[in-house]
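Have a look at the structure below before the remarks.
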Amino acid sequence: MYDLLWLVPTFPFLGFLILAIFGKKIGKKLSAVVGVGSIGLSALITILIGIQFLTNPPEGHAFVQTLWTWIAADDFKVNIAFHLDALSMVFAFVVTFVGFWIHLYSTEYMADDEGFSRFFAYMNLFVGAMLMLVMGDNLLLLYLGWEGVGLCSYLLIGFWYRDPANGYAARKAFIVTRVGDAAMAVGLFMLFYSFKSLNIQEILSVAPHVWSPGNKLAVASTLLLLGGAVGKSAQLPLQVWLPDAMAGPTPTSALIHAATMVTAGVYLIARMNGIYLLAPLSMTAVAIVGAATLLVAGFAGMAQTDIKRVLAYSTVSQIGYMFLALGVGAWSAGVFHFMIHAFFKALLFLAAGAIILAQHHEQNMFKMGGLAKALPVTFWTFLIGSASLAALPLITAGFYSKDAIIWYAWSGPNGSIYLWMAAVFGAMVTAFYTFRMVFVTFFGEQKMEISHYPTWRVHIPLIALAFFALFGGFIELPGTLGHLTLFSDFMKSALPVVEGGHHEVSLEIFSQVLTAVLALVSIFVAYYLYLKNMQIVTNFTSTKFGHGLQQFLLSGLGFDWLYERLFIRPYVWLSRTNKRDFIDFFYVFLPWLARQFHYLFKYTQTGKVRRYVVGIVFGVLVSITIVVIL
Amino acid sequence: MTILFYIAALIAIVASIMVVTRTNIIHALLYMVISLLATAVMFFLIGAPFIAAMEIIIYAGAIMVLFVFVVMMLNLGKQAVEQEKRWLSTEGWYFPSLLSLILLLEIGYLIVSGQTAPFNGRQIPPAEVGKELYSTYLIGVELAAILLMAGIIGAYHLARRKKYVVHRFLKTEGAEQ
Amino acid sequence: MIAISLNTGLIIASIMFFTGLIGVMIRKNIMFMLISIEIMLNAAGLAFVFAGAQHGQADGQIMFLFILTTAAAEVAVGLALIIQFYQNLKRSIPMLPII
């Protein structure tokens with residue numbers, strides 16, 4: 001079964017090729033079959049391999065399949081090889097499994113779009129590249145997938161390219177992530193410089209012998225890798241692109257900008273755990289970045305009116321939780337939250353897409369309302385996703401995954417009370433804006449008639465994902481509630497277990513109860529403010545301070561404003577002043593000089609031989625004079 | 001003998017100057033012949049009788065006569081002389097002369113400043129020249145032969161009176177007959 | 001026997017050479033230019049022969065023979081060109097005001 005591993009990324013790539021070349025000829029039905037079928041086969045193989053991995057794990061809990069040598073130059077050798085261990089297993093499973101449901105959903109969502117087969121071609125390419133990213137056994141292959149998913153993200157954000165705003169959002173996403181990618185590339189160079197290899201397992205096994213803990217090179221390279229992760233995962237300070245990335249079709253937002261691609265940063269840091277452990281400073285940086293991001297994005301999420309932007313900010317915030325978990329050393333908790341988050345966030349986006357489709361492509365949720373009765377399946381699944389996102393205690397998967405992170409933020413090896421406070425506060429904020437969204441969208445009076453009733457192709461993915469969003473968390477229960485550790489046992493072979501820290505049971509219970517109570521209180525506050533007594537909010541926002549605060553939060557805490565003044569305007573100013581490239585002056589001067597000489601020598605070309613003879617004689621005179629004088 | 005040499009040199013130089021300044025081309029050619037004859041005298045005096053003979057036979061006898069034939073063929077009249085006069089007087093020829101004069105002075109200075117010695121005075125018989133020519137310089141002789149061949153063929157080809165040929169693409173329909 | 005140094009000979013040759021050079025530069029008639037070139041060639045040959053005589057060797061004379069060959073070929077081609085010019089560009093002026 002393991003030998004079929006190469007088929008997992010091959011099917012999506014094959015699907016991409018077929019759709020890209022024959023997309024226009026084969027029609028929508030066949031395009032859908034190819035697009036969904038390739039991912040379906042890929043998911044099927046992944047699940048079969050996963051079952052075998054669980055029942056009959058390979059030697060050393062890792063399986064490497066080398067296909068061929070990609071580059072070989074002196075001691076620089078890169079293989080096209082896939083590495084399967086628990087970590088990449090989880091990621092590949094999520095990518096293909098969630099990806100399959102989203103593809104199925106897309107067949108309805110995109111049904112009336114003229115770029116139907118183009119959409120599926122991009123999506124297939126994305127899944128292929130993402131699998132390349134998570135299964136590559138060396139950093140160069142990982143980087144190839146990394147750039148591949150960046151490209152697909154760009155193509156899909158700007159999918160409806162006729163609207164310049166979408167193209168702008170696509171470029172913004174591409175350029176902002178490029179800042180991180182450049183840092184990551186430098187980080188890879190440093191790693192190669194230190195280890196003379198880009199093979200991940202080789203680096204991880206050699207690193208402790210080459211670098212002592214706290215080595216400057218280790219800190220620098222891990223920080224640079226963090227830069228790449230921050231760009232791709234939309235963390236502070238490069239989080240600005242993700243909310244704008246919602247310009248793409250909603251399935252894209254679900255798959256790329258919520259479930260999979262944006263968590264590539266989490267994967268990268270989790271994958272390189274060995275060298276992060278050698279750089280405590282970088283670990284702290286990861287944790288602080290995560291904590292700061294989850295707060296910033298949470299605040300920004302509170303004021304959004306666009307339903308997709310609320311979800312985008314919640315994505316940024318949840319990835320902040322994952323970073324926090326990685327930063328405090330709770331590796332498997334971060335990956336666990338990634339998996340659960342992929343389920344409920346894909347669910348939320350798909351449900352939001354169904355709502356948008358039902359509301360004449362309106363995205364402002366304050367123009368919606370009262371949809372609970374009209375769209376029951378969408379409502380219940382959206383409610384489940386929201387509950388999971390808000391970490392509603394005991395019954396949702398999100399509670400278990402987030403609770404683990406919050407607890408480790410305090411008790412983990414790198415944890416501190418401040419990180420814990422940030423995480424708890426973030427959880428409260430999350431519950432508030434999530435249920436604000438639910439109440440505004442589904443309750444109250446219906447403001448618009450339904451333009452499209454979803455069919456089974458929407459309902460089945462929603463129900464399937466809702467199932468996982470609800471029950472996916474029960475494979476890992478905290479010590480105070482049953483102490484089930486299926487997931488972390490599974491990850492033990494790939495990621496280091498949490499060591500150190502403190503484990504007072506009473507404190508853990510206190511943390512859990514506090515989080516649960518705060519989440520419930522937030523939900524009640526959201527209910528009170530946005531359903532029961534909307535007047536308070538309107539009154540508050542009509543005051544000067546309230547309005548200013550609302551605008552500030554709506555703009556995502558003014559990061560766009562800041563970057564515009566800090567980077568874009570100086571750059572534009574610089575390029576304006578340098579419109580006629582001053583370096584060009586030199587290159588313009590050279591032809592000018594040549595031309596002047598040409599004009600000068602033009603006079604000598606008279607066509608009169610006598611003149612030429614005079615010229616020769618003059619030259620002879622000059623040279624002989626030199627001889628005479630010297 | 002020395003006096004003879006100087007007289008011959010003077011004649012050669014003066015005749016050369018006359019060649020350059022004549023307006024009638026036949027006069028110029030005749031002065032040229034005089035110059036060549038004087039040069040031949042110089043050759044004879046410094047001990048190169050073979051070259052003196054060559055100078056007279058080939059240069060003065062053949063090449064210059066070729067010139068004269070061509071001039072006769074072109075059938076030039078008084079008009080040509082008039083035109084030469086106009087050209088020679090109007091155009092400024094001071095600058096080229098000045099240039100050449102400076103150059104001459106410099107080269108003269110270079111020659112004089114170098115070492116010098118009287119001529120060996122040995123007569124070099126034609127036999128010696130021939131032997132040297134056909135042994136050491138054999139390749140040069142071959143090359144000269146090729147050059148002359150090319151000159152003959154080239155002269156024949158260039159001077160041939162050509163039929164006025166119009167390319168078939170340039171012909172008009174009616175003009176074909 | 002004559003008592004003349006090489007320098008004297010070379011100066012005579014240079015004077016003749018520059019006379020020819022002036023001729024090339026100031027004349028507009030191609031025929032005169034050709035004749036002036038002949039003067040220059042002749043002067044160069046003169047210098048060769050003087051130099052050969054200085055050492056009492058035949059090489060200088062052989063060089064003169066080569067110059068003679070060159071001059072003959074050059075004159076043949078040059079005159080052929082002049083005839084061709086004259087035939088193709090028949091003008092009222094019988095001498096060609098070329099160059």
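By order in the structure tokens, chains are A, B, ...; within a chain, residues start at 1; ligands start at 1, following the order shown.
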Q.
I need the contact residues of chain B against chain A, so if you could list those with any atom within 12 Å, counting only C-alpha atoms, and return them as an MDAnalysis selection string, that would help.
A. chainID B and resid 91 93:111 113:114
Q. Quick one: residues within 10 Å of C:Gly78, only C-alpha atoms counted, chain neighbours fewer than 4 positions away excluded, as a ChimeraX atom specification?
A. /B:151,154-155,158-159 /C:30-31,34,72-74,82-84
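The spacing separating atom CA of A:Ala431 from atom CA of A:Phe510 amounts to 18.7 Å.
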Counting only C-alpha atoms, which residues in chain C sit no more than 7 Å from chain B? For each one, give the nearest pair of atoms and the distance in Å, sorted by chain then residue number, as a tab-separated table.
```
residue	atom	partner	partner_atom	distance
C:Met1	CA	B:Gly121	CA	6.4
C:Ile2	CA	B:Thr2	CA	4.9
C:Ala3	CA	B:Pro118	CA	6.2
C:Ile4	CA	B:Pro118	CA	5.4
C:Ser5	CA	B:Pro118	CA	3.9
C:Leu6	CA	B:Pro118	CA	6.2
C:Asn7	CA	B:Ile111	CA	6.2
C:Ile11	CA	B:Gly108	CA	6.1
C:Ile12	CA	B:Ala9	CA	6.8
C:Ser14	CA	B:Leu104	CA	6.8
C:Ile15	CA	B:Leu104	CA	7.0
C:Met16	CA	B:Ile13	CA	5.8
C:Phe18	CA	B:Ser100	CA	6.1
C:Thr19	CA	B:Ile17	CA	6.1
C:Ile22	CA	B:Ser97	CA	5.8
C:Gly23	CA	B:Val20	CA	5.1
C:Met25	CA	B:Pro96	CA	6.3
C:Ile26	CA	B:Trp93	CA	5.5
C:Arg27	CA	B:Leu88	CA	6.9
C:Ser36	CA	B:Val20	CA	6.7
C:Ala53	CA	B:Phe119	CA	6.4
C:Gln54	CA	B:Phe119	CA	4.7
C:His55	CA	B:Asn120	CA	6.2
C:Gly56	CA	B:Asn120	CA	5.7
C:Ala58	CA	B:Val129	CA	5.3
C:Gln61	CA	B:Ile51	CA	6.4
C:Ile62	CA	B:Leu133	CA	6.4
C:Phe66	CA	B:Ala144	CA	6.8
C:Thr69	CA	B:Ala144	CA	6.4
C:Ala72	CA	B:Ile63	CA	6.4
C:Ala73	CA	B:Gly151	CA	4.7
C:Ala76	CA	B:Ala155	CA	5.7
C:Val77	CA	B:Ala155	CA	4.7
C:Ala80	CA	B:Ala159	CA	4.5
C:Leu81	CA	B:Leu158	CA	6.1
C:Ile83	CA	B:Ala159	CA	6.1
C:Gln84	CA	B:Ala159	CA	5.5
C:Pro94	CA	B:Leu76	CA	5.8
C:Met95	CA	B:Ala80	CA	5.6
```
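Of the residues listed (C:Gln87, C:Thr8, C:Asn42, C:Asn29), C:Asn29 shows the shortest atom-to-atom separation from chain A; distances use only C-alpha atoms.
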Q. Neighbours of stretch 312-328 of chain A within 6 Å (only C-alpha atoms; same-chain residues fewer than 4 positions away dropped), as a ChimeraX atom specification?
A. /A:243,258,283-284,286-287,290-291,293-294,297-298,301,334,405,412,414-415
Using N, CA, C and O atoms, can you write the selected residues to a file as a PDB file, in the first residue's frame?
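Ended up saving to out29.pdb:
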```
ATOM      1  N   PRO A 243      -7.520  38.834   4.753  1.00  0.00           N
ATOM      2  CA  PRO A 243      -8.891  39.342   4.608  1.00  0.00           C
ATOM      3  C   PRO A 243      -9.207  39.759   3.171  1.00  0.00           C
ATOM      4  O   PRO A 243     -10.314  39.518   2.688  1.00  0.00           O
ATOM      5  N   ALA A 258      -8.307  28.929   4.396  1.00  0.00           N
ATOM      6  CA  ALA A 258      -8.758  28.581   5.740  1.00  0.00           C
ATOM      7  C   ALA A 258      -8.206  27.230   6.157  1.00  0.00           C
ATOM      8  O   ALA A 258      -7.534  27.120   7.174  1.00  0.00           O
ATOM      9  N   MET A 283      11.593  30.040  19.466  1.00  0.00           N
ATOM     10  CA  MET A 283      10.369  29.460  20.024  1.00  0.00           C
ATOM     11  C   MET A 283       9.542  30.554  20.676  1.00  0.00           C
ATOM     12  O   MET A 283       8.324  30.658  20.472  1.00  0.00           O
ATOM     13  N   THR A 284      10.210  31.387  21.459  1.00  0.00           N
ATOM     14  CA  THR A 284       9.499  32.483  22.115  1.00  0.00           C
ATOM     15  C   THR A 284       8.886  33.408  21.063  1.00  0.00           C
ATOM     16  O   THR A 284       7.748  33.865  21.217  1.00  0.00           O
ATOM     17  N   VAL A 286       7.925  32.651  18.083  1.00  0.00           N
ATOM     18  CA  VAL A 286       6.753  31.993  17.500  1.00  0.00           C
ATOM     19  C   VAL A 286       5.547  32.163  18.421  1.00  0.00           C
ATOM     20  O   VAL A 286       4.450  32.538  17.987  1.00  0.00           O
ATOM     21  N   ALA A 287       5.768  31.928  19.715  1.00  0.00           N
ATOM     22  CA  ALA A 287       4.666  32.024  20.672  1.00  0.00           C
ATOM     23  C   ALA A 287       4.125  33.444  20.720  1.00  0.00           C
ATOM     24  O   ALA A 287       2.909  33.668  20.715  1.00  0.00           O
ATOM     25  N   GLY A 290       2.180  34.289  17.640  1.00  0.00           N
ATOM     26  CA  GLY A 290       0.866  33.649  17.699  1.00  0.00           C
ATOM     27  C   GLY A 290      -0.069  34.392  18.623  1.00  0.00           C
ATOM     28  O   GLY A 290      -1.206  34.705  18.250  1.00  0.00           O
ATOM     29  N   ALA A 291       0.400  34.717  19.832  1.00  0.00           N
ATOM     30  CA  ALA A 291      -0.462  35.365  20.810  1.00  0.00           C
ATOM     31  C   ALA A 291      -0.910  36.738  20.306  1.00  0.00           C
ATOM     32  O   ALA A 291      -2.093  37.096  20.377  1.00  0.00           O
ATOM     33  N   THR A 293      -1.054  37.792  17.236  1.00  0.00           N
ATOM     34  CA  THR A 293      -1.937  37.679  16.087  1.00  0.00           C
ATOM     35  C   THR A 293      -3.345  37.299  16.502  1.00  0.00           C
ATOM     36  O   THR A 293      -4.318  37.841  15.984  1.00  0.00           O
ATOM     37  N   LEU A 294      -3.449  36.374  17.435  1.00  0.00           N
ATOM     38  CA  LEU A 294      -4.807  35.923  17.776  1.00  0.00           C
ATOM     39  C   LEU A 294      -5.597  37.055  18.405  1.00  0.00           C
ATOM     40  O   LEU A 294      -6.813  37.154  18.202  1.00  0.00           O
ATOM     41  N   ALA A 297      -6.246  39.834  15.389  1.00  0.00           N
ATOM     42  CA  ALA A 297      -7.244  39.370  14.429  1.00  0.00           C
ATOM     43  C   ALA A 297      -8.600  39.231  15.111  1.00  0.00           C
ATOM     44  O   ALA A 297      -9.637  39.514  14.507  1.00  0.00           O
ATOM     45  N   GLY A 298      -8.600  38.832  16.380  1.00  0.00           N
ATOM     46  CA  GLY A 298      -9.873  38.719  17.100  1.00  0.00           C
ATOM     47  C   GLY A 298     -10.561  40.062  17.216  1.00  0.00           C
ATOM     48  O   GLY A 298     -11.752  40.197  16.947  1.00  0.00           O
ATOM     49  N   GLY A 301     -11.943  41.053  13.982  1.00  0.00           N
ATOM     50  CA  GLY A 301     -13.114  40.253  13.615  1.00  0.00           C
ATOM     51  C   GLY A 301     -14.387  40.781  14.245  1.00  0.00           C
ATOM     52  O   GLY A 301     -15.481  40.584  13.715  1.00  0.00           O
ATOM     53  N   GLY A 334      -0.774  21.868  18.629  1.00  0.00           N
ATOM     54  CA  GLY A 334      -0.893  22.772  17.484  1.00  0.00           C
ATOM     55  C   GLY A 334      -1.406  22.040  16.267  1.00  0.00           C
ATOM     56  O   GLY A 334      -2.305  22.522  15.563  1.00  0.00           O
ATOM     57  N   ILE A 405      -4.466  23.949  23.851  1.00  0.00           N
ATOM     58  CA  ILE A 405      -3.498  25.024  23.588  1.00  0.00           C
ATOM     59  C   ILE A 405      -3.494  26.022  24.740  1.00  0.00           C
ATOM     60  O   ILE A 405      -2.432  26.455  25.216  1.00  0.00           O
ATOM     61  N   GLY A 412       2.980  24.737  29.436  1.00  0.00           N
ATOM     62  CA  GLY A 412       3.981  24.160  28.534  1.00  0.00           C
ATOM     63  C   GLY A 412       5.390  24.575  28.903  1.00  0.00           C
ATOM     64  O   GLY A 412       5.591  25.468  29.740  1.00  0.00           O
ATOM     65  N   ASN A 414       7.543  26.357  27.413  1.00  0.00           N
ATOM     66  CA  ASN A 414       7.829  27.778  27.189  1.00  0.00           C
ATOM     67  C   ASN A 414       6.681  28.667  27.648  1.00  0.00           C
ATOM     68  O   ASN A 414       6.649  29.849  27.360  1.00  0.00           O
ATOM     69  N   GLY A 415       5.710  28.068  28.321  1.00  0.00           N
ATOM     70  CA  GLY A 415       4.490  28.804  28.629  1.00  0.00           C
ATOM     71  C   GLY A 415       4.693  29.877  29.677  1.00  0.00           C
ATOM     72  O   GLY A 415       5.669  29.877  30.423  1.00  0.00           O
TER      73      GLY A 415
END
```
Q: Within 10 Å of A:Leu17, counting only C-alpha atoms, which residues show up once you throw out same-chain ones fewer than 5 positions away? Write them as an MDAnalysis selection string, please.
A: chainID A and resid 11:12 22:23 121:122 124:125
Q | helix (DSSP H, G or I) residues, from DSSP on the backbone, in stretch 409-566 of chain A, as a PyMOL selection string | A | chain A and resi 409-411+417-442+456-475+486-491+505-532+534-542+544-554+559-566
Q | Distance of atom CA of A:Ala330 from atom CA of A:Ala81, expressed in Å to one decimal place | A | 28.4 Å
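Among the candidate residues C:Leu21, C:Ile35, C:Val49, C:Leu41, the one lying nearest to C:Leu68 is C:Leu41, with distances computed using only C-alpha atoms.
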